[in-house]
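Okay, structure.txt now, which holds compact mmCIF, C-alpha atoms and all ligand atoms:
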```
# COMPACT_ATOMS: atom_id res chain seq x y z
CA MET A 15 28.64 131.05 92.70
CA PRO A 16 32.22 131.69 93.83
CA ARG A 17 33.50 129.71 96.75
CA LYS A 18 33.74 131.84 99.88
CA LYS A 19 37.36 132.39 100.76
CA ARG A 20 38.45 131.44 104.22
CA ASN A 21 39.78 134.43 106.09
CA ARG A 22 43.51 134.64 106.73
CA ARG A 23 44.88 135.37 110.16
CA ILE A 24 46.91 138.55 110.64
CA GLN A 25 49.03 138.58 113.79
CA VAL A 26 50.31 142.13 113.73
CA PRO A 27 48.56 144.87 111.74
CA PRO A 28 50.65 147.34 109.72
CA VAL A 29 51.69 150.37 111.78
CA ILE A 30 50.81 152.67 108.87
CA LYS A 31 48.04 152.78 106.26
CA GLY A 32 50.49 152.93 103.39
CA MET A 33 53.62 154.54 101.98
CA SER A 34 53.95 157.45 99.63
CA VAL A 35 56.60 158.11 97.01
CA PHE A 36 59.53 160.46 97.63
CA GLY A 37 61.08 162.90 95.21
CA VAL A 38 58.26 163.17 92.72
CA ARG A 39 56.79 166.64 92.64
CA GLY A 40 53.40 167.69 91.39
CA ARG A 41 52.34 164.29 90.14
CA LYS A 42 49.40 162.43 91.52
CA SER A 43 50.46 158.89 92.26
CA ASN A 44 48.37 156.07 90.87
CA GLU A 45 48.41 154.00 94.04
CA VAL A 46 48.92 150.26 94.36
CA THR A 47 46.66 148.59 96.93
CA LEU A 48 48.29 145.86 98.98
CA ARG A 49 45.71 143.68 100.69
CA LEU A 50 46.43 143.00 104.36
CA GLU A 51 47.05 139.28 103.79
CA GLU A 52 49.60 140.24 101.13
CA TYR A 53 51.29 142.60 103.58
CA GLU A 54 51.33 139.78 106.17
CA THR A 55 53.12 137.34 103.81
CA ILE A 56 55.90 139.88 103.25
CA ARG A 57 56.14 140.54 106.99
CA LEU A 58 56.36 136.83 107.83
CA LEU A 59 58.60 135.68 104.95
CA ASP A 60 60.88 138.62 104.17
CA TYR A 61 60.93 140.42 107.52
CA GLN A 62 60.69 137.54 110.01
CA HIS A 63 62.39 135.02 107.69
CA LEU A 64 59.87 132.25 108.27
CA THR A 65 59.60 129.41 105.78
CA GLN A 66 56.49 129.30 103.61
CA GLU A 67 55.32 126.27 105.61
CA GLN A 68 55.64 128.21 108.88
CA ALA A 69 53.97 131.31 107.45
CA ALA A 70 51.05 129.22 106.16
CA VAL A 71 50.48 127.90 109.69
CA HIS A 72 50.63 131.44 111.10
CA MET A 73 48.03 132.65 108.61
CA ASN A 74 45.84 129.57 108.85
CA VAL A 75 46.02 128.83 105.09
CA SER A 76 47.44 126.01 102.96
CA ARG A 77 51.01 126.29 101.72
CA PRO A 78 49.94 126.69 98.05
CA THR A 79 47.53 129.48 99.05
CA LEU A 80 50.31 131.19 100.99
CA THR A 81 52.59 131.01 97.94
CA ARG A 82 49.90 132.48 95.71
CA ILE A 83 49.25 135.41 98.08
CA TYR A 84 53.00 136.04 98.42
CA GLU A 85 53.56 136.06 94.64
CA GLU A 86 50.79 138.63 94.23
CA ALA A 87 52.27 140.73 97.06
CA ARG A 88 55.74 140.72 95.48
CA ILE A 89 54.38 141.75 92.09
CA LYS A 90 52.52 144.67 93.68
CA VAL A 91 55.52 145.85 95.74
CA ALA A 92 57.78 145.60 92.68
CA THR A 93 55.26 147.55 90.61
CA ALA A 94 55.11 150.31 93.23
CA PHE A 95 58.93 150.49 93.46
CA VAL A 96 59.64 150.42 89.74
CA GLU A 97 56.80 152.68 88.63
CA GLY A 98 57.09 155.07 91.60
CA ARG A 99 53.57 154.56 92.93
CA ASP A 100 52.16 154.92 96.43
CA LEU A 101 51.44 151.72 98.36
CA ILE A 102 48.18 151.59 100.29
CA PHE A 103 47.45 148.81 102.82
CA ARG A 104 43.74 148.13 102.57
CA GLY A 105 41.16 145.38 102.46
CA GLY A 106 41.68 141.66 102.30
CA ASP A 107 39.96 138.53 103.53
CA ILE A 108 41.47 138.63 106.99
CA TYR A 109 40.91 138.73 110.70
CA PHE A 110 43.24 139.95 113.40
CA ASP A 111 44.67 137.47 115.87
CA LYS A 112 43.84 139.81 118.74
CA ASN A 113 41.84 142.99 119.07
CA TRP A 114 44.28 145.72 118.19
CA PHE A 115 43.90 149.36 119.08
CA LYS A 116 45.58 152.51 117.86
CA CYS A 117 45.98 155.66 119.91
CA ASN A 118 44.91 158.80 118.03
CA SER A 119 47.05 160.98 120.31
CA CYS A 120 50.48 159.30 120.08
CA GLN A 121 49.81 156.82 117.21
CA ALA A 122 50.90 153.81 119.31
CA SER A 123 49.35 150.46 118.39
CA PHE A 124 48.67 147.82 121.02
CA SER A 125 46.62 144.69 121.51
CA ASN A 126 44.17 144.11 124.28
CA TYR A 127 45.80 141.46 126.39
CA SER A 128 46.56 144.16 128.93
CA ALA A 129 43.84 144.66 131.49
CA ASP A 130 42.79 148.20 130.60
CA THR A 131 42.03 149.09 126.98
CA SER A 132 40.15 152.28 127.73
CA HIS A 133 43.42 154.22 127.95
CA CYS A 134 46.60 154.22 125.86
CA PRO A 135 49.43 152.42 127.72
CA VAL A 136 51.93 154.92 126.30
CA CYS A 137 50.33 158.35 126.80
CA ASN A 138 47.18 157.47 128.79
CA SER A 139 44.89 159.09 126.21
CA SER A 140 41.37 157.68 125.90
CA ASP A 141 41.20 158.62 122.19
CA LEU A 142 41.56 155.06 120.87
CA ILE A 143 40.34 153.40 117.70
CA SER A 144 40.00 149.70 117.03
CA LEU A 145 42.26 148.66 114.13
CA ASN A 146 39.44 146.51 112.82
CA GLU A 147 37.58 149.78 112.26
CA PHE A 148 40.76 151.54 111.13
CA TYR A 149 41.19 149.04 108.29
CA GLY A 150 37.47 148.56 107.76
CA GLN A 151 37.56 144.92 108.86
CA SER A 152 35.08 142.94 110.87
CA THR A 153 36.35 140.68 113.60
CA GLU A 154 35.50 137.05 113.03
CA LYS A 155 37.00 133.81 114.12
ZN ZN B 1 48.82 157.23 123.17
```
For the structure just supplied, provide its representation as structure tokens.
Amino acid sequence: MPRKKRNRRIQVPPVIKGMSVFGVRGRKSNEVTLRLEEYETIRLLDYQHLTQEQAAVHMNVSRPTLTRIYEEARIKVATAFVEGRDLIFRGGDIYFDKNWFKCNSCQASFSNYSADTSHCPVCNSSDLISLNEFYGQSTEK
């Protein structure tokens, strides 16, 4: 029986569900799926310039586990770039640090530390979706 993986903490969810290729006409892209913990390693290491030790703390994993996730993420991103394939952000053994919401009217994303989460803080719409549902994740701590 496989050992149950401990879930990795995601602080900020991706603002989009993926990226599609540009300049390729009439060809269906064979997409590459980047798991959300893989996305998070790239965000923390390459975008925020944290060390691997710092990123491991942020994601609540060991440093070797962080390195393994990051290597897999880089291979997938490189594959998408070189082979011209869409990148989809989906799945993963993760939980969000806070409850994040996305506004279906203006597409803003926000977390619920503000007092009122029944309306979008940007456009005041009440058409909100939980990002846990958006990415098909359950919330667990
Ligand atoms: Zn809005």
**Request:** For ligand ZN 1 (chain B), collect every residue having any atom at a distance of at most 9 Å from a ligand atom (counting all atoms listed in the file); output as JSON, numbers by chain.
**Result:** {"A": [116, 117, 118, 119, 120, 121, 122, 123, 133, 134, 135, 136, 137, 138, 139, 140, 141, 142]}
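Among the candidates A:Arg49, A:Arg22, A:Pro28, A:Met33, the residue lying nearest to Ala70 in chain A is A:Arg22 (atoms considered: only C-alpha atoms).
The gap separating CA of Thr81 in chain A from CA of Tyr109 in chain A is 18.9 Å, in Å to one decimal.
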Report as lines of an AutoDock Vina configuration file the centre and the edge lengths, in Å to one decimal, of the axis-aligned box holding every listed atom of range 50-69 of chain A, padded by 3 Å on each side.
```
center_x = 54.4
center_y = 134.6
center_z = 105.6
size_x = 22.0
size_y = 22.7
size_z = 14.9
```
**Request:** Mind checking which residues fall within 12 Å of range 92-96 of chain A, counting all atoms listed in the file, ignoring those fewer than 6 positions away in the same chain, and posting them as a ChimeraX atom specification?
**Result:** /A:32-36,43-48,85-86,102
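Residue neighbourhood of Val38 in chain A, excluding near-sequence residues (fewer than 6 positions): Glu97, Gly98, Arg99 and Asp100 of chain A, at 12 Å, using all atoms listed in the file.
Nearest residue to Arg104 in chain A among A:Gln68, A:Ser125, A:Asn146, A:Thr79 is A:Asn146, counting only C-alpha atoms.
Here CA of Phe115 in chain A is placed at a distance of 26.4 Å from CA of Leu80 in chain A.
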**Asked** With only C-alpha atoms as the atoms that count, which of A:Ile30, A:Val91, A:Ile83, A:Leu145 lies nearest to Thr55 in chain A?
**Response** A:Ile83
**For Ile24 in chain A: contacts at 9 Å, all atoms listed in the file, fewer than 6 positions along chain excluded, given as a list in words** = Leu50, Glu51, Glu54, His72, Met73, Ile108, Tyr109, Phe110, Asp111 and Lys112 of chain A
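Of the listed residues (A:Leu58, A:Thr65, A:Phe148, A:Tyr84), A:Phe148 comes nearest to Phe103 in chain A; the distances count all atoms listed in the file.
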**Fill in**
The distance between CA of Lys31 in chain A and CA of Tyr149 in chain A is 8.1 Å
